[in-house]
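Q: Got a structure for you, written out below as structure tokens; questions coming shortly.
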Amino acid sequence: MSISIQNVSRRFGNFQALSDVSLNVPSGSLTALLGPSGSGKTTLLRIIAGLETPDTGTVLFQEEDVTEKAARDREVGFVFQHYALFRHMTVFENVAFGLRVRKVAKDIANARVKELLSLVRLEGLGNRFPSELSGGQRQRVALARALAMRPQMLLLDEPFGALDAKVRQELRTWLRKLHEEMHVTTVFVTHDQEEAFEMADQVVVMNHGKIEQIGTPQDVFDHPATPFVMDFLGNVNVFHGRVKAGRVELGPFSLAYDAYTHEEPRNATAYVRPHELEIDRVATATSLAARVLQVNPAGAVVKVRVFAEEYGVELNIDLIRDRAAVLRLQSGDTVYVHPKTARVFMPEPEYAI
Amino acid sequence: MGSPKHRRRSSPLPGFASGLTVTVAYLGILLIIPLGACLIKTASLDWPQFVAAAWSARARSAYFLTFSTSAIAAVIDVILGTLLAWVLVRYEFPGRRLMDAVIDLPFALPTAVAGLVYSSLYVKNGWFGQFLIPLGIQGSYSRLAIVLVLVFLGLPFVVRTIQPLLGSLEGDIEEAAASLGANRWQTFWRVILPSLRPALATGFALAFARGLGEYGSVVFVSGNMPFKTEIAPVLIVQKLDEYSYPEATAIAVVLLAGSLLALGLISWLEARNRRYAS
């Protein structure tokens with residue numbers, strides 16, 4: 001079932017949680033709402049679920065306007081950040097809850113619960129209470145409970161936020177696989193870009209109650225629409241410089257920039273990801289001299305931190321291991337850095353009065 | 001002393017030894033010694049004398065009255081107290097803080113005052129009595145009167161037990177129930193109420209225990225008619241007035257045994273339900 005959000009706004013007291021947000025979630029897709037805390041992503045998810053009503057705007061499921069429809073009539077599976085399991089019920093009864101309140105015949109309900117418990121790999125634990133489970137197991141109970149009524153869509157609020165790294169990784173892979181098998185329209189909220197990119201078909205980056213960018217993970221990563229997106233996707237090096245006549249000048253660096261061909265120079269900011277910086281032992285005309293501060297070889301890439309004294313900036317550079325083996329960097333070495341590419345954003349021009 | 005393997009680990013918190021000493025001394029002086037004295041005094045009676053004092057028809061009627069009125073009052077307290085706690089926790093309204101403060105009044109009010117007020121309200125010319133007595137409702141000098149005053153005294157115990165738990169119940173379990181299709185009634189009945197069960201049991205036990213021991217107010221409202229409205233503590237005081245100390249303690253021992261049995265039963269039921277709360 002597709003979801004369509006049209007011009008939705010929501011204010012809490014003085015805080016504008018969402019302002020004029022529009023979004024389409026295609027049927028059967030897996031969409032991530034990504035943003036820092038306070039960006040409005042959870043409010044948007046809760047509005048889709050019917051746990052919150054928008055001040056203005058419309059929510060459609062397929063063609064149907066559900067803006068005024070109560071949460072319990074929306075047939076949406078919701079997984080809460082802290083699971084919200086019923087403490088006084090066994091795992092089995094937790095999963096059965098939706099079936100019980102909808103008066104599903106007992107034998108059918110019990111069979112469905114057994115099926116779900118095996119789906120989330122908790123077969124033997126039906127008689128346990130939530131307090132007797134680990135965090136990852138509780139998460140899976142919450143998921144099974146949300147799926148019990150075969151909902152049209154599944155909404156998850158920071159689903160793996162409270163889990164440790166290893167369990168989180170396992171659950172991500174597992175949930176992605178589950179989604180491929182069931183094809184239920186799924187929307188989840190996260191502040192972790194890695195999680196969003198790894199799981200989602202569509203990533204929605206949010207900030208200050210607005211959508212900054214919607215796209216596939218590749219799109220968003222390769223072509224960030226705004227400086228915020230670039231910044232939020234993590235670990236970038238920022239350069240301030242000028243654009244002029246199809247080139248961008250960033251201190252000693254100069255790169256082609258087709259988007260601005262005027263002769264009159266303008267201020268611009270360039271963002272360069274750590275893996276887009278190159279290190280050399282010899283100086284070239286367009287490279288920047290820097291001193292190596294730290295080399296961290298533990299990981300898939302070798303992380304190098306350098307300091308360019310001339311400009312007073314610290315840069316993060318990722319080297320592939322082969323290249324690092326050739327360079328054999330030591331802290332204190334002087335090296336020469338240049339960017340392979342950069343994303344340039346120009347602020348709105350300031351007109352003189 | 002102990003084997004060298006069991007080296008004593010010192011707790012990061014100071015004062016365990018002195019704390020324990022004070023606690024044990026306190027328990028001894030205020031609880032165990034008086035209760036022990038009570039048992040020793042009772043032991044001066046032989047069995048037939050004990051039965052005559054503590055198990056007479058009049059005494060049995062008084063026990064029954066004490067336990068039944070306390071239990072009924074505690075049940076009413078649990079229902080009213082839950083409602084009150086719910087309103088205080090869940091709604092913002094003008095006067096909420098005042099209402100919250102007034103709940104504790106029965107803790108502070110001398111119980112004799114409560115007794116006097118209740119009896120004067122429900123007598124023939126009292127504010128309530130002038131309307132209720134023509135309807136056949138005797139709110140004073142009756143068993144109903146005892147229940148009414150015990151409800152008043154027990155209420156804060158229930159409210160104060162339930163209030164914090166209700167406040168700490170995550171709002172998201174109600175939302176979870178709603179998103180799973182439960183209506184408000186189902187949410188309350190299947191989710192909220194069962195989560196409160198341990199607190200309800202504790203509140204019941206406290207209000208019940210309060211009722212069993214109550215004397216000051218009941219003497220004023222009940223009329224103390226043997227076989228009708230005479231409660232066991234009143235009987236004890238009467239024995240004391242007659243200088244029959246062993247008989248008085250005999251009744252006290254039966255009352256004590258009954259109380260321990262009842263409270264033990266409640267905490268056993270509670271423990272059985274507690275598995276999930278750990």
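Letters for chains follow the order of the structure tokens (A, B, ...), residue numbers begin at 1 for each chain, and ligand numbers begin at 1 in the order shown.
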Give me, as a list in words, the contact residues of chain A against chain B at a cut-off of 8 Å, counting only C-alpha atoms.
A: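 Putting it all together, I get Ala49, Leu51, Ala71, Arg72, Asp73, Arg74, Glu75, Val76, Gly77, Phe78, Phe80, Ala84, Leu85, Phe86, Arg87, His88, Met89, Phe97, Gly98, Val101, Arg102, Phe129, Pro130, Ser131, Glu132, Ala146 and Met149 of chain A.
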Q: Since we have the selection now, will you write its residues out, keeping C-alpha atoms, as a PDB file, in the first residue's frame?
A:
ATOM      1  CA  ALA A  49       0.536   5.763  12.073  1.00  0.00           C
ATOM      2  CA  LEU A  51      -0.688   8.446  16.735  1.00  0.00           C
ATOM      3  CA  ALA A  71      -4.672   4.681  14.792  1.00  0.00           C
ATOM      4  CA  ARG A  72      -6.543   1.496  15.642  1.00  0.00           C
ATOM      5  CA  ASP A  73      -8.451   1.572  12.364  1.00  0.00           C
ATOM      6  CA  ARG A  74      -5.444   2.149  10.121  1.00  0.00           C
ATOM      7  CA  GLU A  75      -4.133  -1.428  10.106  1.00  0.00           C
ATOM      8  CA  VAL A  76      -0.589  -0.297  10.519  1.00  0.00           C
ATOM      9  CA  GLY A  77       2.092  -2.239  12.371  1.00  0.00           C
ATOM     10  CA  PHE A  78       4.101   0.084  14.596  1.00  0.00           C
ATOM     11  CA  PHE A  80       8.227   1.551  19.153  1.00  0.00           C
ATOM     12  CA  ALA A  84       6.510  -0.911  24.448  1.00  0.00           C
ATOM     13  CA  LEU A  85       5.916  -4.592  25.194  1.00  0.00           C
ATOM     14  CA  PHE A  86       3.213  -5.462  27.694  1.00  0.00           C
ATOM     15  CA  ARG A  87       5.208  -6.434  30.765  1.00  0.00           C
ATOM     16  CA  HIS A  88       2.488  -8.479  32.386  1.00  0.00           C
ATOM     17  CA  MET A  89       1.970 -10.709  29.364  1.00  0.00           C
ATOM     18  CA  PHE A  97      -2.692  -9.145  21.511  1.00  0.00           C
ATOM     19  CA  GLY A  98      -3.844  -7.695  18.192  1.00  0.00           C
ATOM     20  CA  VAL A 101      -8.688  -7.653  20.711  1.00  0.00           C
ATOM     21  CA  ARG A 102      -9.987  -8.216  17.187  1.00  0.00           C
ATOM     22  CA  PHE A 129       8.005 -12.574  30.049  1.00  0.00           C
ATOM     23  CA  PRO A 130       9.575  -9.565  28.281  1.00  0.00           C
ATOM     24  CA  SER A 131      11.783  -8.885  31.315  1.00  0.00           C
ATOM     25  CA  GLU A 132      13.392 -12.287  30.771  1.00  0.00           C
ATOM     26  CA  ALA A 146       3.233  -5.577  14.891  1.00  0.00           C
ATOM     27  CA  MET A 149      -2.613  -8.684  11.954  1.00  0.00           C
TER      28      MET A 149
END
Q: Please give the complete set of residues from region 167-244 of chain B that DSSP, run on the backbone, assigns to alpha helix (DSSP H), formatted as a ChimeraX atom specification.
A: /B:167-168,171-179,184-186,193-213,218-222,232-241
Q: I'd like the contact shell of region 224-232 of chain A - 12 Å cut-off, only C-alpha atoms, skipping same-chain residues fewer than 3 positions apart - returned as an NGL selection string.
A: :A and (34-37 or 39 or 191-194 or 203-208 or 210-221 or 235-238 or 268-273 or 342-347)
Q: Using only C-alpha atoms, which residues sit within 10 Å of Leu255 (chain B) once same-chain residues fewer than 2 positions away are excluded, as a list in words?
A: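 Residues near the query, excluding close chain neighbours: Ala54, Tyr63, Thr66, Phe67, Leu212, Gly213, Ala232, Pro233, Thr249, Ala250, Ile251, Ala252, Val253, Ala257, Gly258, Ser259, Leu260 and Leu261 of chain B.
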Q: Write the residues you've just listed into a file as an mmCIF file, in the first residue's frame, and include N, CA and C atoms for each of them.
A:
data_model
loop_
_atom_site.group_PDB
_atom_site.id
_atom_site.type_symbol
_atom_site.label_atom_id
_atom_site.label_comp_id
_atom_site.auth_asym_id
_atom_site.auth_seq_id
_atom_site.Cartn_x
_atom_site.Cartn_y
_atom_site.Cartn_z
ATOM 1 N N ALA B 54 -10.858 -15.613 74.388
ATOM 2 C CA ALA B 54 -10.591 -15.184 73.022
ATOM 3 C C ALA B 54 -11.544 -15.781 71.996
ATOM 4 N N TYR B 63 -14.450 -10.372 65.871
ATOM 5 C CA TYR B 63 -13.435 -10.659 64.846
ATOM 6 C C TYR B 63 -14.036 -10.573 63.460
ATOM 7 N N THR B 66 -14.604 -7.036 62.488
ATOM 8 C CA THR B 66 -13.352 -6.335 62.189
ATOM 9 C C THR B 66 -12.816 -6.722 60.812
ATOM 10 N N PHE B 67 -12.721 -8.039 60.569
ATOM 11 C CA PHE B 67 -12.140 -8.479 59.295
ATOM 12 C C PHE B 67 -13.034 -8.148 58.109
ATOM 13 N N LEU B 212 -7.885 -3.042 60.158
ATOM 14 C CA LEU B 212 -7.865 -4.028 61.243
ATOM 15 C C LEU B 212 -7.466 -3.382 62.560
ATOM 16 N N GLY B 213 -6.535 -2.456 62.497
ATOM 17 C CA GLY B 213 -6.010 -1.887 63.735
ATOM 18 C C GLY B 213 -6.769 -0.676 64.213
ATOM 19 N N ALA B 232 -13.209 -5.900 67.367
ATOM 20 C CA ALA B 232 -12.289 -6.579 68.285
ATOM 21 C C ALA B 232 -11.430 -5.611 69.100
ATOM 22 N N PRO B 233 -10.850 -4.550 68.528
ATOM 23 C CA PRO B 233 -10.047 -3.645 69.360
ATOM 24 C C PRO B 233 -10.849 -3.030 70.502
ATOM 25 N N THR B 249 -4.891 -9.595 76.132
ATOM 26 C CA THR B 249 -3.826 -10.028 75.225
ATOM 27 C C THR B 249 -4.236 -11.266 74.439
ATOM 28 N N ALA B 250 -5.077 -12.103 75.000
ATOM 29 C CA ALA B 250 -5.540 -13.292 74.275
ATOM 30 C C ALA B 250 -6.277 -12.881 73.006
ATOM 31 N N ILE B 251 -7.160 -11.889 73.147
ATOM 32 C CA ILE B 251 -7.889 -11.392 71.964
ATOM 33 C C ILE B 251 -6.901 -10.777 70.977
ATOM 34 N N ALA B 252 -5.931 -10.024 71.523
ATOM 35 C CA ALA B 252 -4.925 -9.405 70.670
ATOM 36 C C ALA B 252 -4.154 -10.448 69.875
ATOM 37 N N VAL B 253 -3.833 -11.580 70.521
ATOM 38 C CA VAL B 253 -3.072 -12.627 69.822
ATOM 39 C C VAL B 253 -3.878 -13.207 68.676
ATOM 40 N N ALA B 257 -2.791 -13.034 64.830
ATOM 41 C CA ALA B 257 -2.660 -14.220 63.987
ATOM 42 C C ALA B 257 -3.487 -14.057 62.716
ATOM 43 N N GLY B 258 -4.710 -13.562 62.911
ATOM 44 C CA GLY B 258 -5.581 -13.350 61.753
ATOM 45 C C GLY B 258 -4.979 -12.367 60.769
ATOM 46 N N SER B 259 -4.414 -11.267 61.302
ATOM 47 C CA SER B 259 -3.822 -10.249 60.435
ATOM 48 C C SER B 259 -2.656 -10.824 59.655
ATOM 49 N N LEU B 260 -1.777 -11.550 60.381
ATOM 50 C CA LEU B 260 -0.600 -12.118 59.715
ATOM 51 C C LEU B 260 -1.025 -13.066 58.608
ATOM 52 N N LEU B 261 -2.046 -13.862 58.903
ATOM 53 C CA LEU B 261 -2.541 -14.819 57.919
ATOM 54 C C LEU B 261 -3.039 -14.081 56.675
#
Q: If we count only C-alpha atoms, what is near Ser118 (chain A) at a cut-off of 12 Å, once residues fewer than 5 positions away on the same chain are taken out, given as a PyMOL selection string?
A: chain A and resi 92+95+111-113+123-126+140-141+144
Q: Could those selected residues go to a file with all heavy atoms, as a compact mmCIF listing (two decimals), in the first residue's frame?
A:
# COMPACT_ATOMS: atom_id res chain seq x y z
N PHE A 92 4.12 -14.88 24.08
CA PHE A 92 3.04 -15.41 23.25
C PHE A 92 1.83 -14.48 23.26
O PHE A 92 1.30 -14.11 22.22
CB PHE A 92 2.64 -16.81 23.77
CG PHE A 92 1.77 -17.58 22.82
CD1 PHE A 92 2.35 -18.48 21.93
CD2 PHE A 92 0.39 -17.41 22.81
CE1 PHE A 92 1.56 -19.20 21.05
CE2 PHE A 92 -0.40 -18.12 21.93
CZ PHE A 92 0.18 -19.02 21.05
N VAL A 95 2.38 -11.16 21.39
CA VAL A 95 2.23 -11.28 19.94
C VAL A 95 0.75 -11.47 19.58
O VAL A 95 0.28 -10.98 18.56
CB VAL A 95 3.09 -12.45 19.42
CG1 VAL A 95 2.88 -12.65 17.93
CG2 VAL A 95 4.57 -12.19 19.71
N ALA A 111 -2.34 -20.39 16.09
CA ALA A 111 -1.52 -20.88 14.98
C ALA A 111 -0.71 -19.74 14.36
O ALA A 111 0.47 -19.89 14.05
CB ALA A 111 -2.42 -21.54 13.92
N ARG A 112 -1.37 -18.59 14.24
CA ARG A 112 -0.69 -17.42 13.66
C ARG A 112 0.48 -16.98 14.56
O ARG A 112 1.56 -16.66 14.05
CB ARG A 112 -1.70 -16.28 13.51
CG ARG A 112 -1.12 -14.95 13.09
CD ARG A 112 -0.86 -14.88 11.60
NE ARG A 112 -0.30 -13.60 11.20
CZ ARG A 112 0.72 -13.45 10.37
NH1 ARG A 112 1.29 -14.51 9.84
NH2 ARG A 112 1.17 -12.26 10.05
N VAL A 113 0.25 -16.99 15.88
CA VAL A 113 1.32 -16.59 16.79
C VAL A 113 2.51 -17.54 16.67
O VAL A 113 3.66 -17.10 16.61
CB VAL A 113 0.81 -16.53 18.25
CG1 VAL A 113 1.97 -16.24 19.21
CG2 VAL A 113 -0.26 -15.47 18.40
N GLU A 123 10.96 -19.39 18.77
CA GLU A 123 10.02 -20.50 18.94
C GLU A 123 9.87 -20.94 20.39
O GLU A 123 8.77 -21.09 20.88
CB GLU A 123 10.44 -21.73 18.11
CG GLU A 123 10.24 -21.58 16.63
CD GLU A 123 11.51 -21.17 15.95
OE1 GLU A 123 12.38 -20.60 16.63
OE2 GLU A 123 11.64 -21.40 14.74
N GLY A 124 10.98 -21.14 21.07
CA GLY A 124 10.90 -21.75 22.40
C GLY A 124 10.56 -20.77 23.51
O GLY A 124 10.46 -21.16 24.66
N LEU A 125 10.41 -19.50 23.18
CA LEU A 125 10.37 -18.49 24.24
C LEU A 125 8.98 -17.92 24.49
O LEU A 125 8.84 -16.93 25.20
CB LEU A 125 11.34 -17.35 23.91
CG LEU A 125 12.80 -17.77 23.69
CD1 LEU A 125 13.67 -16.58 23.38
CD2 LEU A 125 13.33 -18.49 24.92
N GLY A 126 7.94 -18.58 23.94
CA GLY A 126 6.59 -18.06 24.07
C GLY A 126 6.12 -17.84 25.50
O GLY A 126 5.33 -16.96 25.77
N ARG A 140 12.50 -8.27 18.50
CA ARG A 140 11.84 -9.20 17.58
C ARG A 140 10.41 -9.54 18.02
O ARG A 140 9.55 -9.77 17.19
CB ARG A 140 12.69 -10.46 17.43
CG ARG A 140 13.87 -10.21 16.48
CD ARG A 140 14.71 -11.42 16.27
NE ARG A 140 15.65 -11.60 17.37
CZ ARG A 140 16.09 -12.78 17.77
NH1 ARG A 140 15.67 -13.88 17.18
NH2 ARG A 140 16.94 -12.85 18.77
N VAL A 141 10.19 -9.55 19.35
CA VAL A 141 8.81 -9.74 19.84
C VAL A 141 7.95 -8.57 19.37
O VAL A 141 6.83 -8.76 18.86
CB VAL A 141 8.76 -9.83 21.38
CG1 VAL A 141 7.31 -9.93 21.86
CG2 VAL A 141 9.56 -11.02 21.88
N ALA A 144 7.16 -9.04 15.77
CA ALA A 144 6.17 -10.10 15.54
C ALA A 144 4.77 -9.60 15.93
O ALA A 144 3.79 -9.86 15.23
CB ALA A 144 6.53 -11.34 16.36
Q: With only C-alpha atoms as the counted atoms, please give the residues lying no more than 9 Å from His262 (chain A), apart from itself and same-chain residues fewer than 5 positions off, as a ChimeraX atom specification.
A: /A:243-246
Q: Would you save the residues of that selection, restricted to N, CA, C and O atoms, as a CSV table (one decimal), in the first residue's frame?
A:
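Result file is result39.csv:
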chain,number,residue,atom,x,y,z
A,243,VAL,N,34.2,30.8,-6.7
A,243,VAL,CA,33.9,30.3,-8.0
A,243,VAL,C,34.0,31.4,-9.0
A,243,VAL,O,33.7,32.6,-8.7
A,244,LYS,N,34.5,31.1,-10.2
A,244,LYS,CA,34.7,32.1,-11.2
A,244,LYS,C,34.9,31.4,-12.5
A,244,LYS,O,35.8,30.5,-12.6
A,245,ALA,N,34.2,31.8,-13.5
A,245,ALA,CA,34.5,31.4,-14.9
A,245,ALA,C,34.7,29.9,-15.0
A,245,ALA,O,35.6,29.4,-15.6
A,246,GLY,N,33.7,29.1,-14.5
A,246,GLY,CA,33.8,27.7,-14.7
A,246,GLY,C,34.9,27.0,-13.8
A,246,GLY,O,35.1,25.8,-14.1
Q: Using Å and a single decimal, report how far CA of Ala196 (chain A) sits from CA of Thr67 (chain A).
A: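 Separation of CA of Thr67 (chain A) and CA of Ala196 (chain A): 26.8 Å.
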Q: What gap, in Å, lies between CA of Phe64 (chain B) and CA of Arg160 (chain B)?
A: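 Spanning CA of Phe64 (chain B) to CA of Arg160 (chain B) is a straight-line distance of 28.2 Å.
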Q: For Ser19 (chain A), find every residue with an atom within 10 Å (counting only C-alpha atoms), except residues of its own chain fewer than 2 positions away, and show them as a count of residues only.
A: 17
Q: As an exercise, work out the distance from CA of Arg281 (chain A) to CA of Arg321 (chain A) in Å and give it to one decimal place.
A: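 Computing it gives 16.3 Å between the two atoms.
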Q: When distances are computed from only C-alpha atoms, which of B:Val51, B:Ile33, B:Val113, B:Ala62 shows the smallest separation from Ile236 (chain B)?
A: B:Ala62
Q: Enumerate, as a PyMOL selection string, the complete set of residues in region 137-245 of chain A that a backbone-based DSSP assignment places in strand (DSSP E or B).
A: chain A and resi 153-157+185-190+202-207+210-215+237-244
